[in-house]
Each structure stands twice: as structure tokens, then as C-alpha cells.
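> Next up is a structure, given as C-alpha cells.
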Amino acid sequence: GVLTHPSSWLPSNEIPNSIRRQLRGHRMEFRLDIDRAGEVSACTLSGDAITAGIERTICEILVRNARFSAGLDENGDPAPGYYTNRIAF
């Protein structure tokens, strides 16, 4: 499950001004893949203003700040999962 509130994952003071300007007025969706230990193992963004540089920077911030507990399968064993959400800038 989610251990930290998603609103804390992308603080405006961690987003470079140039990226904030590029994303102003846009929305993006993100997906975080979570491994069996509850760690973020991959991050992808989608949206009309997303470039490779923006994705790299935003994902670095999301991976650094997002915290999850391990997901469990039907037997109660740790299992990978994912989390998705949308952000408007």
C-alpha cells in the first residue's frame, strides 16, 4: 500500500523552474511499478508535454519520494504491483 501521501511526492521546490514552465497548463499521468519489497522499480509518464528529459527528472523525484509497503498476493506472499495517478500543473 501507499505509505506516504501522493501529494508529497512531487514538491514544487524539487521541480526545476524550466520544467514547471513547460508543464504549466498541462496534465500528465504516471505509473510507478512496485517490486516485491515495496520499492519503486520503474516509472513512466504520459502526456502531451512530456519529453525524455522531463520524464527523467520527474521520475527521479517520484522515485525518491514515493513510499510503498509490499503488495501481497492471494496467499499473503509479497507480490509486485503498480500505482497510477494524474497530475495537473
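Starting from 1 in every chain, residues are counted up; chains themselves are A, B, ... following the order of the C-alpha cells, and ligands are numbered from 1 as listed.
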Please provide as number ranges by chain all residues within 9 Å of segment 8-24 of chain A, with the sequence filter that same-chain residues fewer than 5 positions apart are discarded (counting only C-alpha atoms).
A: 49-50, 54, 57-58, 61-67, 88-89
> Export all heavy atoms of the chosen residues as a tab-separated table (two decimals), in the first residue's frame?

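As a result, result.tsv now contains:
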chain	number	residue	atom	x	y	z
A	49	ALA	N	2.92	17.06	-23.09
A	49	ALA	CA	4.09	17.91	-22.91
A	49	ALA	C	5.31	17.13	-22.43
A	49	ALA	O	6.34	17.72	-22.14
A	49	ALA	CB	3.77	19.03	-21.93
A	50	ILE	N	5.23	15.82	-22.36
A	50	ILE	CA	6.31	15.01	-21.80
A	50	ILE	C	7.41	14.79	-22.82
A	50	ILE	O	7.17	14.34	-23.93
A	50	ILE	CB	5.77	13.66	-21.29
A	50	ILE	CG1	4.67	13.86	-20.25
A	50	ILE	CG2	6.90	12.80	-20.72
A	50	ILE	CD1	5.08	14.66	-19.05
A	54	ILE	N	12.06	15.63	-19.35
A	54	ILE	CA	11.05	15.85	-18.31
A	54	ILE	C	10.75	14.53	-17.61
A	54	ILE	O	10.68	14.47	-16.38
A	54	ILE	CB	9.77	16.47	-18.91
A	54	ILE	CG1	10.04	17.93	-19.29
A	54	ILE	CG2	8.59	16.36	-17.94
A	54	ILE	CD1	8.90	18.60	-20.04
A	57	THR	N	13.58	13.62	-15.16
A	57	THR	CA	13.62	14.45	-13.96
A	57	THR	C	12.43	14.18	-13.04
A	57	THR	O	12.60	14.00	-11.83
A	57	THR	CB	13.63	15.94	-14.36
A	57	THR	OG1	14.80	16.19	-15.15
A	57	THR	CG2	13.64	16.84	-13.14
A	58	ILE	N	11.23	14.15	-13.59
A	58	ILE	CA	10.03	13.91	-12.77
A	58	ILE	C	10.07	12.52	-12.15
A	58	ILE	O	9.74	12.34	-10.98
A	58	ILE	CB	8.75	14.13	-13.60
A	58	ILE	CG1	8.63	15.58	-14.07
A	58	ILE	CG2	7.51	13.70	-12.81
A	58	ILE	CD1	8.49	16.62	-12.98
A	61	ILE	N	12.33	12.37	-9.13
A	61	ILE	CA	11.68	12.97	-7.95
A	61	ILE	C	10.64	12.01	-7.38
A	61	ILE	O	10.58	11.79	-6.16
A	61	ILE	CB	11.05	14.32	-8.31
A	61	ILE	CG1	12.14	15.32	-8.75
A	61	ILE	CG2	10.26	14.89	-7.12
A	61	ILE	CD1	11.60	16.58	-9.40
A	62	LEU	N	9.81	11.43	-8.25
A	62	LEU	CA	8.78	10.50	-7.77
A	62	LEU	C	9.40	9.29	-7.09
A	62	LEU	O	8.95	8.87	-6.01
A	62	LEU	CB	7.90	10.05	-8.94
A	62	LEU	CG	6.93	11.09	-9.50
A	62	LEU	CD1	6.32	10.58	-10.81
A	62	LEU	CD2	5.85	11.41	-8.48
A	63	VAL	N	10.43	8.70	-7.70
A	63	VAL	CA	11.07	7.51	-7.12
A	63	VAL	C	11.70	7.85	-5.77
A	63	VAL	O	11.62	7.07	-4.82
A	63	VAL	CB	12.10	6.92	-8.11
A	63	VAL	CG1	12.97	5.87	-7.43
A	63	VAL	CG2	11.40	6.34	-9.32
A	64	ARG	N	12.28	9.03	-5.66
A	64	ARG	CA	12.92	9.44	-4.40
A	64	ARG	C	11.90	9.63	-3.28
A	64	ARG	O	12.16	9.31	-2.12
A	64	ARG	CB	13.70	10.73	-4.64
A	64	ARG	CG	14.42	11.26	-3.43
A	64	ARG	CD	15.35	12.42	-3.71
A	64	ARG	NE	14.71	13.55	-4.38
A	64	ARG	CZ	15.03	13.97	-5.61
A	64	ARG	NH1	15.96	13.35	-6.32
A	64	ARG	NH2	14.42	15.00	-6.15
A	65	ASN	N	10.70	10.12	-3.61
A	65	ASN	CA	9.74	10.50	-2.57
A	65	ASN	C	8.61	9.52	-2.31
A	65	ASN	O	8.02	9.53	-1.23
A	65	ASN	CB	9.15	11.86	-2.92
A	65	ASN	CG	10.19	12.96	-2.85
A	65	ASN	OD1	11.04	12.96	-1.98
A	65	ASN	ND2	10.13	13.89	-3.78
A	66	ALA	N	8.26	8.69	-3.28
A	66	ALA	CA	7.14	7.75	-3.10
A	66	ALA	C	7.55	6.59	-2.20
A	66	ALA	O	8.65	6.05	-2.35
A	66	ALA	CB	6.67	7.23	-4.46
A	67	ARG	N	6.69	6.23	-1.29
A	67	ARG	CA	6.96	5.10	-0.38
A	67	ARG	C	5.76	4.16	-0.37
A	67	ARG	O	4.61	4.59	-0.24
A	67	ARG	CB	7.21	5.60	1.04
A	67	ARG	CG	8.44	6.44	1.19
A	67	ARG	CD	9.70	5.58	1.07
A	67	ARG	NE	10.89	6.40	1.06
A	67	ARG	CZ	11.58	6.73	-0.02
A	67	ARG	NH1	11.17	6.33	-1.20
A	67	ARG	NH2	12.66	7.45	0.06
A	88	ALA	N	-2.08	17.64	-12.56
A	88	ALA	CA	-2.30	18.83	-13.39
A	88	ALA	C	-1.31	19.90	-12.91
A	88	ALA	O	-1.15	20.11	-11.71
A	88	ALA	CB	-3.72	19.33	-13.26
A	89	PHE	N	-0.65	20.54	-13.84
A	89	PHE	CA	0.32	21.59	-13.50
A	89	PHE	C	-0.24	22.96	-13.74
A	89	PHE	O	-1.10	23.20	-14.50
A	89	PHE	CB	1.60	21.41	-14.32
A	89	PHE	CG	2.42	20.25	-13.86
A	89	PHE	CD1	2.21	18.98	-14.38
A	89	PHE	CD2	3.40	20.42	-12.90
A	89	PHE	CE1	2.97	17.90	-13.94
A	89	PHE	CE2	4.16	19.36	-12.46
A	89	PHE	CZ	3.94	18.10	-12.98
> Going by DSSP on the backbone, which bits of segment 14-87 of chain A are strand (DSSP E)? Write them as a ChimeraX atom specification, please.
/A:27-34,40-46,71-72,78-79,81-87
> Could you take the residues named above and write them with N, CA, C and O atoms, as a short mmCIF file (atom, residue, chain, number, x, y, z; two decimals), in the first residue's frame?

data_model
loop_
_atom_site.label_atom_id
_atom_site.label_comp_id
_atom_site.auth_asym_id
_atom_site.auth_seq_id
_atom_site.Cartn_x
_atom_site.Cartn_y
_atom_site.Cartn_z
N ARG A 27 -1.55 18.34 -18.19
CA ARG A 27 -1.74 17.21 -17.29
C ARG A 27 -0.80 16.10 -17.71
O ARG A 27 -0.45 15.98 -18.88
N MET A 28 -0.43 15.28 -16.74
CA MET A 28 0.35 14.09 -17.05
C MET A 28 -0.16 12.96 -16.20
O MET A 28 -0.71 13.17 -15.12
N GLU A 29 0.02 11.78 -16.71
CA GLU A 29 -0.26 10.58 -15.94
C GLU A 29 1.06 9.89 -15.66
O GLU A 29 1.99 9.98 -16.45
N PHE A 30 1.14 9.24 -14.52
CA PHE A 30 2.35 8.48 -14.23
C PHE A 30 1.99 7.10 -13.69
O PHE A 30 0.91 6.88 -13.16
N ARG A 31 2.92 6.20 -13.92
CA ARG A 31 2.79 4.83 -13.41
C ARG A 31 4.10 4.48 -12.72
O ARG A 31 5.18 4.67 -13.29
N LEU A 32 3.98 3.99 -11.50
CA LEU A 32 5.13 3.51 -10.74
C LEU A 32 4.98 2.01 -10.57
O LEU A 32 3.96 1.56 -10.03
N ASP A 33 5.95 1.25 -11.05
CA ASP A 33 5.95 -0.19 -10.82
C ASP A 33 6.62 -0.44 -9.47
O ASP A 33 7.66 0.14 -9.17
N ILE A 34 6.02 -1.30 -8.68
CA ILE A 34 6.48 -1.58 -7.32
C ILE A 34 6.92 -3.04 -7.24
O ILE A 34 6.18 -3.94 -7.64
N VAL A 40 10.03 1.23 -5.61
CA VAL A 40 9.67 1.61 -6.97
C VAL A 40 10.75 1.07 -7.90
O VAL A 40 11.93 1.37 -7.76
N SER A 41 10.35 0.25 -8.87
CA SER A 41 11.30 -0.37 -9.79
C SER A 41 11.28 0.25 -11.18
O SER A 41 12.21 0.06 -11.95
N ALA A 42 10.25 1.02 -11.50
CA ALA A 42 10.17 1.68 -12.80
C ALA A 42 9.16 2.81 -12.71
O ALA A 42 8.24 2.78 -11.90
N CYS A 43 9.35 3.80 -13.59
CA CYS A 43 8.46 4.95 -13.63
C CYS A 43 8.26 5.33 -15.09
O CYS A 43 9.22 5.38 -15.86
N THR A 44 7.02 5.58 -15.48
CA THR A 44 6.73 6.07 -16.83
C THR A 44 5.71 7.20 -16.73
O THR A 44 4.84 7.20 -15.85
N LEU A 45 5.84 8.16 -17.62
CA LEU A 45 4.94 9.30 -17.68
C LEU A 45 4.27 9.32 -19.04
O LEU A 45 4.85 8.88 -20.03
N SER A 46 3.08 9.87 -19.10
CA SER A 46 2.44 10.11 -20.38
C SER A 46 1.72 11.45 -20.31
O SER A 46 1.28 11.88 -19.25
N GLY A 71 3.16 -5.24 -1.80
CA GLY A 71 1.84 -5.80 -2.08
C GLY A 71 1.83 -7.27 -1.74
O GLY A 71 2.88 -7.91 -1.61
N LEU A 72 0.65 -7.82 -1.57
CA LEU A 72 0.52 -9.24 -1.23
C LEU A 72 -0.36 -9.94 -2.26
O LEU A 72 -1.34 -9.38 -2.73
N PRO A 78 4.57 -11.60 -0.55
CA PRO A 78 4.89 -10.36 -1.25
C PRO A 78 4.75 -10.53 -2.76
O PRO A 78 5.13 -11.56 -3.33
N ALA A 79 4.19 -9.51 -3.41
CA ALA A 79 3.97 -9.56 -4.85
C ALA A 79 4.21 -8.18 -5.45
O ALA A 79 3.97 -7.17 -4.79
N GLY A 81 3.50 -4.94 -7.92
CA GLY A 81 2.27 -4.25 -8.30
C GLY A 81 2.61 -2.94 -8.98
O GLY A 81 3.74 -2.72 -9.40
N TYR A 82 1.63 -2.06 -9.06
CA TYR A 82 1.87 -0.75 -9.66
C TYR A 82 0.91 0.26 -9.08
O TYR A 82 -0.10 -0.09 -8.45
N TYR A 83 1.24 1.52 -9.26
CA TYR A 83 0.41 2.64 -8.81
C TYR A 83 0.31 3.63 -9.96
O TYR A 83 1.33 3.94 -10.59
N THR A 84 -0.87 4.14 -10.24
CA THR A 84 -1.04 5.15 -11.28
C THR A 84 -1.78 6.36 -10.69
O THR A 84 -2.56 6.22 -9.76
N ASN A 85 -1.49 7.51 -11.28
CA ASN A 85 -2.17 8.73 -10.86
C ASN A 85 -2.00 9.78 -11.92
O ASN A 85 -1.24 9.59 -12.88
N ARG A 86 -2.71 10.91 -11.77
CA ARG A 86 -2.64 12.05 -12.70
C ARG A 86 -2.27 13.30 -11.93
O ARG A 86 -2.65 13.44 -10.77
N ILE A 87 -1.57 14.19 -12.61
CA ILE A 87 -1.20 15.47 -12.03
C ILE A 87 -1.51 16.56 -13.03
O ILE A 87 -1.21 16.42 -14.22
#
> Ranking A:His26, A:Glu74, A:Glu60, A:Gly38 by minimum distance to Gly1 of chain A and counting only C-alpha atoms, which one comes first?
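When distances to Gly1 of chain A are compared using only C-alpha atoms, the smallest one comes from A:Gly38.
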> Could you pull out all residues of chain A with a DSSP call of helix (DSSP H, G or I) and give them as a ChimeraX atom specification?
/A:6-8,12-14,17-23,52-65
> Taking only C-alpha atoms into account, name the residue in A:Phe68, A:Asp73, A:Arg56, A:Asp35 that is nearest to Pro6 of chain A.
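Of all the options, A:Phe68 lies closest to Pro6 of chain A.
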